[in-house]
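Chemist: Quick one: the structure is below, questions incoming.
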Amino acid sequence: MSESKSPVAPPKAAKALRSDPKPIRFTRDSPFYTDLKKTVATYFESTGRSPRDCPQMYIKSAIIFAWVIGSYGLLVFGATAWWHTILLSGSLALSITAVGFNIQHDGSHRAYSRHNWINRLTAMGLDLVGGSSFVWEKKHNTLHHTYTNIADYDDDIQVGFLGRFSPHQKRFALHRIQHFYMWVLYGFLGIKWHLFDDFHHVAVGKINSHPFARPKRKDLAVFIGGKIVFFSFAFLIPMLFHPIWISLAIYTLVACTVGVLISVVFQLAHVVESADFPLPELSTGQVESDWAVHQVETTVDFSRRNPLVTWFLGGLNFQVEHHLFPRICHIHYPRLSKLVEEACAKHGIRYNDHGSIFSGINSHFRWLKQMGKPDLCPVIPDN
């Protein structure tokens, strides 16, 4: 892994980017992406494997849903001691996260199946566990995957004044200690997502400054129905069998655990030292590289040789491969990573990889600390 450092944004340039964002433009596909697509197509042709509708994925989904149902049932109806509650809450949090990382994520990207109705059905797994598949597609698939690590465009690196993830974002004095408090806030982001974010986005028809069409008809029915189902399982049913304070405490424990897991996994892929945070040309919105090279240079793999991590995270430790080929099932990512790494070496492109989760966490910690330092990241004035 080679280290790269995005330059600190000049204050006037960063302020201009925030106040008057231009449509982003990438250069035409480079020889790197053209060659890589041919190599990947040859891989599937020669092996006879299908990019989607993988039998392993259907089996995996059945295991995960059984895990969720078993954990929830035992937690609500079978726990008889406090330590039962703690262990089963942890199990439920892990299983819910596995639904998001594996089933809904592939479905949302149309990587689960070649049949759209199956992709739609699996994407709705997010509605069952507290999110909105409709909002997720706009926020994640469109804004994050297109404009990765570009401030004011990629919503995944926008957390308001509480955090500074990019050198092109405004720094506040409290960011001096963000490398400590952000880990706590990651948990509360899960609760905020459940209780506020989706409702707010749909109500205002925007994700930050980016407008989107509100859900209608079937999409609206799924949005409302999903929220009813989630709140019933999260609050109503537990409160029928347990005191309200216990039900709320268990919800908080599960939701905070899910929030930390989801936040940290996505941060390890983008908000680390070796990821780039490019600044488009202000007058045109032109990005220096083509889209594929941009994805490689703003994304980092981690723990690629750990099959247990790969299974649980749904291949999200292979984020470079996922960003380049989001419509290929994550089952194939370990093999594709070798092809991508070879193509990067051939074309002189930096391939970012942390050997383990722990090295990625350390890098994220150091990056948060650096983004809070006034000597490296000058405060961007309002006037």
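Residues are named by chain letter and number: chains run A, B, ... in the order of the structure tokens, numbers start at 1 in each chain, and ligands are numbered from 1 in the order shown.
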Please identify all polymer residues within 7 Å of region 145-151 of chain A, counting only C-alpha atoms, omitting same-chain residues fewer than 2 positions from it, and present them as a VMD selection string.
Modeler: chain A and resid 140 to 143 153 to 154 157 166 168 to 169 277 to 279 295 298 323
Chemist: Print the selection's residues with N, CA and C atoms to a file, as a PDB file, in the first residue's frame.
Modeler:
ATOM      1  N   HIS A 140     -26.864   6.753  -1.658  1.00  0.00           N
ATOM      2  CA  HIS A 140     -25.660   5.919  -1.759  1.00  0.00           C
ATOM      3  C   HIS A 140     -25.288   5.619  -3.214  1.00  0.00           C
ATOM      4  N   ASN A 141     -26.233   5.048  -3.952  1.00  0.00           N
ATOM      5  CA  ASN A 141     -25.919   4.635  -5.324  1.00  0.00           C
ATOM      6  C   ASN A 141     -25.574   5.810  -6.220  1.00  0.00           C
ATOM      7  N   THR A 142     -26.317   6.908  -6.069  1.00  0.00           N
ATOM      8  CA  THR A 142     -26.109   8.043  -6.962  1.00  0.00           C
ATOM      9  C   THR A 142     -25.030   8.989  -6.445  1.00  0.00           C
ATOM     10  N   LEU A 143     -25.237   9.548  -5.258  1.00  0.00           N
ATOM     11  CA  LEU A 143     -24.315  10.579  -4.775  1.00  0.00           C
ATOM     12  C   LEU A 143     -22.960  10.012  -4.372  1.00  0.00           C
ATOM     13  N   TYR A 153     -20.675  16.884  -2.614  1.00  0.00           N
ATOM     14  CA  TYR A 153     -21.357  16.012  -3.562  1.00  0.00           C
ATOM     15  C   TYR A 153     -21.581  14.623  -2.968  1.00  0.00           C
ATOM     16  N   ASP A 154     -20.560  14.060  -2.362  1.00  0.00           N
ATOM     17  CA  ASP A 154     -20.656  12.741  -1.732  1.00  0.00           C
ATOM     18  C   ASP A 154     -21.265  12.905  -0.345  1.00  0.00           C
ATOM     19  N   ILE A 157     -19.691  11.600   3.205  1.00  0.00           N
ATOM     20  CA  ILE A 157     -18.655  12.286   3.983  1.00  0.00           C
ATOM     21  C   ILE A 157     -19.158  13.621   4.525  1.00  0.00           C
ATOM     22  N   SER A 166     -13.047  15.664   5.111  1.00  0.00           N
ATOM     23  CA  SER A 166     -12.318  16.063   3.908  1.00  0.00           C
ATOM     24  C   SER A 166     -11.540  17.342   4.156  1.00  0.00           C
ATOM     25  N   HIS A 168     -11.373  19.660   2.254  1.00  0.00           N
ATOM     26  CA  HIS A 168     -12.102  20.722   1.579  1.00  0.00           C
ATOM     27  C   HIS A 168     -13.362  21.125   2.336  1.00  0.00           C
ATOM     28  N   GLN A 169     -13.509  20.659   3.552  1.00  0.00           N
ATOM     29  CA  GLN A 169     -14.628  21.038   4.398  1.00  0.00           C
ATOM     30  C   GLN A 169     -14.169  22.040   5.454  1.00  0.00           C
ATOM     31  N   PHE A 277      -8.992  12.954  -1.795  1.00  0.00           N
ATOM     32  CA  PHE A 277     -10.175  13.811  -1.702  1.00  0.00           C
ATOM     33  C   PHE A 277     -10.016  14.905  -2.756  1.00  0.00           C
ATOM     34  N   PRO A 278     -10.299  14.587  -4.015  1.00  0.00           N
ATOM     35  CA  PRO A 278     -10.007  15.529  -5.099  1.00  0.00           C
ATOM     36  C   PRO A 278     -10.906  16.763  -5.057  1.00  0.00           C
ATOM     37  N   LEU A 279     -10.356  17.856  -5.548  1.00  0.00           N
ATOM     38  CA  LEU A 279     -11.098  19.108  -5.667  1.00  0.00           C
ATOM     39  C   LEU A 279     -11.300  19.396  -7.151  1.00  0.00           C
ATOM     40  N   GLN A 295     -12.360   6.330  -8.776  1.00  0.00           N
ATOM     41  CA  GLN A 295     -12.863   5.358  -7.799  1.00  0.00           C
ATOM     42  C   GLN A 295     -11.717   4.619  -7.104  1.00  0.00           C
ATOM     43  N   THR A 298      -9.795   7.000  -4.605  1.00  0.00           N
ATOM     44  CA  THR A 298     -10.542   7.516  -3.454  1.00  0.00           C
ATOM     45  C   THR A 298     -11.056   6.385  -2.555  1.00  0.00           C
ATOM     46  N   HIS A 323     -16.757  -0.516  -6.096  1.00  0.00           N
ATOM     47  CA  HIS A 323     -16.977   0.764  -6.762  1.00  0.00           C
ATOM     48  C   HIS A 323     -16.774   0.660  -8.274  1.00  0.00           C
TER      49      HIS A 323
END
Chemist: Considering only C-alpha atoms, tabulate each residue of region 55-169 of chain A that lies at most 8 Å from region 228-245 of chain A along with its nearest interatomic pair and the corresponding distance in Å to one decimal; arrange the rows by chain and ascending residue number and present them as JSON lines.
Modeler:
{"residue": "A:Val76", "atom": "CA", "partner": "A:Pro238", "partner_atom": "CA", "distance": 6.1}
{"residue": "A:Phe77", "atom": "CA", "partner": "A:Phe241", "partner_atom": "CA", "distance": 7.9}
{"residue": "A:Asp127", "atom": "CA", "partner": "A:Phe230", "partner_atom": "CA", "distance": 7.3}
{"residue": "A:Leu128", "atom": "CA", "partner": "A:Phe230", "partner_atom": "CA", "distance": 5.5}
{"residue": "A:Val129", "atom": "CA", "partner": "A:Phe230", "partner_atom": "CA", "distance": 6.0}
{"residue": "A:Gly130", "atom": "CA", "partner": "A:Phe230", "partner_atom": "CA", "distance": 5.6}
Chemist: As a PDB file with C-alpha atoms, in the first residue's frame, please: all residues of region 23-231 of chain A that backbone DSSP puts in helix (DSSP H, G or I).
Modeler:
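This is the output file result12.pdb:
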ATOM      1  CA  PRO A  31      -7.196   2.586 -21.138  1.00  0.00           C
ATOM      2  CA  PHE A  32      -7.121   1.212 -17.591  1.00  0.00           C
ATOM      3  CA  TYR A  33     -10.886   0.866 -17.324  1.00  0.00           C
ATOM      4  CA  THR A  34     -11.293  -0.368 -20.895  1.00  0.00           C
ATOM      5  CA  ASP A  35      -8.698  -3.119 -20.364  1.00  0.00           C
ATOM      6  CA  LEU A  36     -10.077  -4.034 -16.965  1.00  0.00           C
ATOM      7  CA  LYS A  37     -13.628  -4.467 -18.225  1.00  0.00           C
ATOM      8  CA  LYS A  38     -12.361  -6.783 -20.947  1.00  0.00           C
ATOM      9  CA  THR A  39     -10.354  -8.784 -18.405  1.00  0.00           C
ATOM     10  CA  VAL A  40     -13.336  -9.182 -16.102  1.00  0.00           C
ATOM     11  CA  ALA A  41     -15.610 -10.169 -18.985  1.00  0.00           C
ATOM     12  CA  THR A  42     -13.044 -12.783 -20.045  1.00  0.00           C
ATOM     13  CA  TYR A  43     -12.947 -14.111 -16.459  1.00  0.00           C
ATOM     14  CA  PHE A  44     -16.689 -14.773 -16.421  1.00  0.00           C
ATOM     15  CA  GLU A  45     -16.647 -16.269 -19.921  1.00  0.00           C
ATOM     16  CA  SER A  46     -13.753 -18.612 -19.147  1.00  0.00           C
ATOM     17  CA  THR A  47     -15.082 -19.779 -15.785  1.00  0.00           C
ATOM     18  CA  PRO A  55     -26.326 -20.005  -5.503  1.00  0.00           C
ATOM     19  CA  GLN A  56     -24.008 -19.101  -2.609  1.00  0.00           C
ATOM     20  CA  MET A  57     -25.816 -15.773  -2.274  1.00  0.00           C
ATOM     21  CA  TYR A  58     -29.253 -17.357  -1.912  1.00  0.00           C
ATOM     22  CA  ILE A  59     -27.957 -19.770   0.722  1.00  0.00           C
ATOM     23  CA  LYS A  60     -26.193 -16.948   2.525  1.00  0.00           C
ATOM     24  CA  SER A  61     -29.363 -14.849   2.552  1.00  0.00           C
ATOM     25  CA  ALA A  62     -31.358 -17.701   4.086  1.00  0.00           C
ATOM     26  CA  ILE A  63     -28.735 -18.084   6.825  1.00  0.00           C
ATOM     27  CA  ILE A  64     -28.737 -14.362   7.603  1.00  0.00           C
ATOM     28  CA  PHE A  65     -32.527 -14.060   7.761  1.00  0.00           C
ATOM     29  CA  ALA A  66     -32.678 -17.140  10.001  1.00  0.00           C
ATOM     30  CA  TRP A  67     -30.070 -15.453  12.193  1.00  0.00           C
ATOM     31  CA  VAL A  68     -32.202 -12.302  12.448  1.00  0.00           C
ATOM     32  CA  ILE A  69     -35.418 -14.191  13.227  1.00  0.00           C
ATOM     33  CA  GLY A  70     -33.732 -16.438  15.787  1.00  0.00           C
ATOM     34  CA  SER A  71     -31.980 -13.554  17.544  1.00  0.00           C
ATOM     35  CA  TYR A  72     -35.123 -11.426  17.670  1.00  0.00           C
ATOM     36  CA  GLY A  73     -37.365 -14.259  18.838  1.00  0.00           C
ATOM     37  CA  LEU A  74     -35.027 -15.322  21.618  1.00  0.00           C
ATOM     38  CA  LEU A  75     -34.424 -11.712  22.696  1.00  0.00           C
ATOM     39  CA  VAL A  76     -38.101 -10.773  22.948  1.00  0.00           C
ATOM     40  CA  PHE A  77     -39.609 -14.066  24.070  1.00  0.00           C
ATOM     41  CA  TRP A  82     -29.655  -9.657  31.915  1.00  0.00           C
ATOM     42  CA  TRP A  83     -26.710 -11.418  30.311  1.00  0.00           C
ATOM     43  CA  HIS A  84     -29.096 -13.216  27.939  1.00  0.00           C
ATOM     44  CA  THR A  85     -30.348  -9.797  26.898  1.00  0.00           C
ATOM     45  CA  ILE A  86     -26.868  -8.413  26.311  1.00  0.00           C
ATOM     46  CA  LEU A  87     -25.704 -11.398  24.247  1.00  0.00           C
ATOM     47  CA  LEU A  88     -28.904 -11.612  22.206  1.00  0.00           C
ATOM     48  CA  SER A  89     -28.905  -7.838  21.598  1.00  0.00           C
ATOM     49  CA  GLY A  90     -25.383  -8.168  20.207  1.00  0.00           C
ATOM     50  CA  SER A  91     -26.430 -11.096  18.048  1.00  0.00           C
ATOM     51  CA  LEU A  92     -29.442  -9.179  16.721  1.00  0.00           C
ATOM     52  CA  ALA A  93     -27.284  -6.131  15.947  1.00  0.00           C
ATOM     53  CA  LEU A  94     -24.787  -8.263  14.031  1.00  0.00           C
ATOM     54  CA  SER A  95     -27.509 -10.062  12.085  1.00  0.00           C
ATOM     55  CA  ILE A  96     -29.284  -6.805  11.175  1.00  0.00           C
ATOM     56  CA  THR A  97     -25.983  -5.370   9.998  1.00  0.00           C
ATOM     57  CA  ALA A  98     -25.391  -8.509   7.917  1.00  0.00           C
ATOM     58  CA  VAL A  99     -28.726  -7.914   6.179  1.00  0.00           C
ATOM     59  CA  GLY A 100     -27.558  -4.433   5.218  1.00  0.00           C
ATOM     60  CA  PHE A 101     -24.037  -5.382   4.206  1.00  0.00           C
ATOM     61  CA  ASN A 102     -25.044  -8.409   2.170  1.00  0.00           C
ATOM     62  CA  ILE A 103     -28.656  -8.701   1.059  1.00  0.00           C
ATOM     63  CA  GLN A 104     -29.957  -5.169   0.686  1.00  0.00           C
ATOM     64  CA  HIS A 105     -26.650  -3.789  -0.562  1.00  0.00           C
ATOM     65  CA  ASP A 106     -26.382  -6.237  -3.449  1.00  0.00           C
ATOM     66  CA  GLY A 107     -30.097  -5.864  -4.173  1.00  0.00           C
ATOM     67  CA  SER A 108     -29.928  -2.082  -4.193  1.00  0.00           C
ATOM     68  CA  ASN A 116     -35.245  -6.690 -11.271  1.00  0.00           C
ATOM     69  CA  TRP A 117     -38.051  -7.928  -9.035  1.00  0.00           C
ATOM     70  CA  ILE A 118     -35.575 -10.013  -7.015  1.00  0.00           C
ATOM     71  CA  ASN A 119     -33.230  -7.050  -6.711  1.00  0.00           C
ATOM     72  CA  ARG A 120     -36.100  -4.866  -5.585  1.00  0.00           C
ATOM     73  CA  LEU A 121     -37.286  -7.443  -3.059  1.00  0.00           C
ATOM     74  CA  THR A 122     -33.833  -7.932  -1.547  1.00  0.00           C
ATOM     75  CA  ALA A 123     -33.184  -4.175  -1.480  1.00  0.00           C
ATOM     76  CA  GLY A 125     -34.448  -5.755   3.346  1.00  0.00           C
ATOM     77  CA  LEU A 126     -33.271  -2.291   4.388  1.00  0.00           C
ATOM     78  CA  ASP A 127     -36.872  -1.189   4.974  1.00  0.00           C
ATOM     79  CA  LEU A 128     -37.322  -4.089   7.381  1.00  0.00           C
ATOM     80  CA  SER A 133     -34.397   1.418   0.197  1.00  0.00           C
ATOM     81  CA  PHE A 134     -35.775   4.340  -1.829  1.00  0.00           C
ATOM     82  CA  VAL A 135     -33.705   7.010  -0.071  1.00  0.00           C
ATOM     83  CA  TRP A 136     -30.651   4.736   0.096  1.00  0.00           C
ATOM     84  CA  GLU A 137     -30.602   4.353  -3.687  1.00  0.00           C
ATOM     85  CA  LYS A 138     -30.530   8.131  -4.159  1.00  0.00           C
ATOM     86  CA  LYS A 139     -28.086   8.816  -1.352  1.00  0.00           C
ATOM     87  CA  HIS A 140     -25.660   5.919  -1.759  1.00  0.00           C
ATOM     88  CA  ASN A 141     -25.919   4.635  -5.324  1.00  0.00           C
ATOM     89  CA  THR A 142     -26.109   8.043  -6.962  1.00  0.00           C
ATOM     90  CA  LEU A 143     -24.315  10.579  -4.775  1.00  0.00           C
ATOM     91  CA  HIS A 144     -21.679   8.397  -3.117  1.00  0.00           C
ATOM     92  CA  HIS A 145     -20.812   6.056  -5.968  1.00  0.00           C
ATOM     93  CA  THR A 146     -20.666   8.790  -8.586  1.00  0.00           C
ATOM     94  CA  ASP A 155     -23.217  12.681   1.071  1.00  0.00           C
ATOM     95  CA  ASP A 156     -21.389   9.866   2.888  1.00  0.00           C
ATOM     96  CA  ILE A 157     -18.655  12.286   3.983  1.00  0.00           C
ATOM     97  CA  GLY A 160     -22.425  18.685   9.283  1.00  0.00           C
ATOM     98  CA  PHE A 161     -20.392  20.725  11.733  1.00  0.00           C
ATOM     99  CA  LEU A 162     -19.760  17.743  14.018  1.00  0.00           C
ATOM    100  CA  ALA A 173     -12.512  24.325  16.838  1.00  0.00           C
ATOM    101  CA  LEU A 174     -14.243  21.195  18.162  1.00  0.00           C
ATOM    102  CA  HIS A 175     -12.649  19.149  15.384  1.00  0.00           C
ATOM    103  CA  ARG A 176      -9.424  19.203  17.392  1.00  0.00           C
ATOM    104  CA  ILE A 177     -10.810  16.242  19.347  1.00  0.00           C
ATOM    105  CA  GLN A 178     -13.002  14.622  16.685  1.00  0.00           C
ATOM    106  CA  HIS A 179     -10.699  11.592  16.596  1.00  0.00           C
ATOM    107  CA  PHE A 180     -12.098  10.790  20.041  1.00  0.00           C
ATOM    108  CA  TYR A 181     -15.760  11.785  20.003  1.00  0.00           C
ATOM    109  CA  MET A 182     -16.678  10.637  16.473  1.00  0.00           C
ATOM    110  CA  TRP A 183     -16.556   6.998  17.575  1.00  0.00           C
ATOM    111  CA  VAL A 184     -19.366   7.707  20.044  1.00  0.00           C
ATOM    112  CA  LEU A 185     -21.371   9.699  17.522  1.00  0.00           C
ATOM    113  CA  TYR A 186     -21.206   6.832  15.037  1.00  0.00           C
ATOM    114  CA  GLY A 187     -23.550   4.908  17.335  1.00  0.00           C
ATOM    115  CA  PHE A 188     -26.071   7.730  17.536  1.00  0.00           C
ATOM    116  CA  LEU A 189     -26.047   8.051  13.742  1.00  0.00           C
ATOM    117  CA  GLY A 190     -27.941   4.748  13.699  1.00  0.00           C
ATOM    118  CA  ILE A 191     -30.720   6.161  15.879  1.00  0.00           C
ATOM    119  CA  LYS A 192     -30.749   9.404  13.870  1.00  0.00           C
ATOM    120  CA  TRP A 193     -31.142   7.373  10.688  1.00  0.00           C
ATOM    121  CA  HIS A 194     -34.096   5.428  12.096  1.00  0.00           C
ATOM    122  CA  LEU A 195     -35.975   8.320  13.655  1.00  0.00           C
ATOM    123  CA  PHE A 196     -35.125  11.349  11.522  1.00  0.00           C
ATOM    124  CA  ASP A 197     -33.021  11.143   8.355  1.00  0.00           C
ATOM    125  CA  ASP A 198     -35.319   9.289   5.952  1.00  0.00           C
ATOM    126  CA  PHE A 199     -38.393  11.251   7.033  1.00  0.00           C
ATOM    127  CA  HIS A 200     -36.518  14.538   6.665  1.00  0.00           C
ATOM    128  CA  HIS A 201     -35.128  13.707   3.214  1.00  0.00           C
ATOM    129  CA  VAL A 202     -38.560  12.732   1.894  1.00  0.00           C
ATOM    130  CA  ALA A 203     -40.286  15.718   3.502  1.00  0.00           C
ATOM    131  CA  VAL A 204     -37.925  18.305   1.988  1.00  0.00           C
ATOM    132  CA  LYS A 218     -45.456   1.781  -4.934  1.00  0.00           C
ATOM    133  CA  ASP A 219     -42.326   3.510  -3.643  1.00  0.00           C
ATOM    134  CA  LEU A 220     -44.362   5.515  -1.149  1.00  0.00           C
ATOM    135  CA  ALA A 221     -46.236   2.386  -0.059  1.00  0.00           C
ATOM    136  CA  VAL A 222     -42.945   0.587   0.550  1.00  0.00           C
ATOM    137  CA  PHE A 223     -41.570   3.594   2.441  1.00  0.00           C
ATOM    138  CA  ILE A 224     -44.587   3.866   4.745  1.00  0.00           C
ATOM    139  CA  GLY A 225     -45.072   0.114   5.081  1.00  0.00           C
ATOM    140  CA  GLY A 226     -41.414  -0.430   5.893  1.00  0.00           C
ATOM    141  CA  LYS A 227     -41.490   2.172   8.645  1.00  0.00           C
ATOM    142  CA  ILE A 228     -44.634   0.628  10.154  1.00  0.00           C
ATOM    143  CA  VAL A 229     -43.080  -2.843  10.154  1.00  0.00           C
ATOM    144  CA  PHE A 230     -39.800  -1.630  11.630  1.00  0.00           C
ATOM    145  CA  PHE A 231     -41.368   0.446  14.411  1.00  0.00           C
TER     146      PHE A 231
END
Chemist: One number please: CA of Ile361 (chain A) to CA of Leu268 (chain A), in Å, one decimal.
Modeler: 6.5 Å
Chemist: Closest to Val296 (chain A) among A:Arg335, A:Lys373, A:Arg350, A:Arg214, using only C-alpha atoms?
Modeler: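 Closest candidate: A:Arg350.
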Chemist: Counting only C-alpha atoms, which residue out of A:Trp291, A:Phe365, A:Tyr351, A:Tyr112 sits closest to Val320 (chain A)?
Modeler: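 Closest residue, counting only C-alpha atoms: A:Tyr351.
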Chemist: As a list in words, which residues of region 203-365 of chain A does DSSP assign to strand (DSSP E)?
Modeler: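 Secondary structure check on region 203-365 of chain A, strand (DSSP E): Lys206, Ile207, His210, Pro211, Gln286, Val287, Glu288, Ser289, Asp290, Asp301, Phe302, Asp353 and His354 of chain A.
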Chemist: Those same residues, written as an mmCIF file, in the first residue's frame with C-alpha atoms?
Modeler:
data_model
loop_
_atom_site.group_PDB
_atom_site.id
_atom_site.type_symbol
_atom_site.label_atom_id
_atom_site.label_comp_id
_atom_site.auth_asym_id
_atom_site.auth_seq_id
_atom_site.Cartn_x
_atom_site.Cartn_y
_atom_site.Cartn_z
ATOM 1 C CA LYS A 206 -33.459 16.882 -0.754
ATOM 2 C CA ILE A 207 -30.379 15.077 0.455
ATOM 3 C CA HIS A 210 -29.230 17.683 -3.804
ATOM 4 C CA PRO A 211 -32.926 17.509 -4.800
ATOM 5 C CA GLN A 286 -13.918 19.007 -14.203
ATOM 6 C CA VAL A 287 -12.212 16.216 -12.240
ATOM 7 C CA GLU A 288 -8.612 15.537 -13.227
ATOM 8 C CA SER A 289 -9.024 11.780 -13.742
ATOM 9 C CA ASP A 290 -11.602 9.578 -15.402
ATOM 10 C CA ASP A 301 -9.638 -2.217 0.504
ATOM 11 C CA PHE A 302 -8.930 -3.846 3.850
ATOM 12 C CA ASP A 353 -5.126 -1.759 0.614
ATOM 13 C CA HIS A 354 -5.015 -2.053 4.400
#
Chemist: Counting only C-alpha atoms, which of A:Ser113, A:Ser50, A:Ser363, A:Gln370 gets nearest to Val272 (chain A)?
Modeler: A:Ser363
Chemist: Quick one: pull the distance between CA of Ala111 (chain A) and CA of Cys329 (chain A), Å, one decimal.
Modeler: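 Rounded to one decimal, the two atoms are 4.8 Å apart.
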Chemist: What does the structure give for the distance between CA of Cys344 (chain A) and CA of Phe358 (chain A), in Å to one decimal?
Modeler: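 Result for CA of Cys344 (chain A) versus CA of Phe358 (chain A): 24.7 Å, one decimal.
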Chemist: Using only C-alpha atoms, can you tell me which of A:Leu368, A:His109, A:Arg28, A:Arg52 comes closest to Met124 (chain A)?
Modeler: A:His109
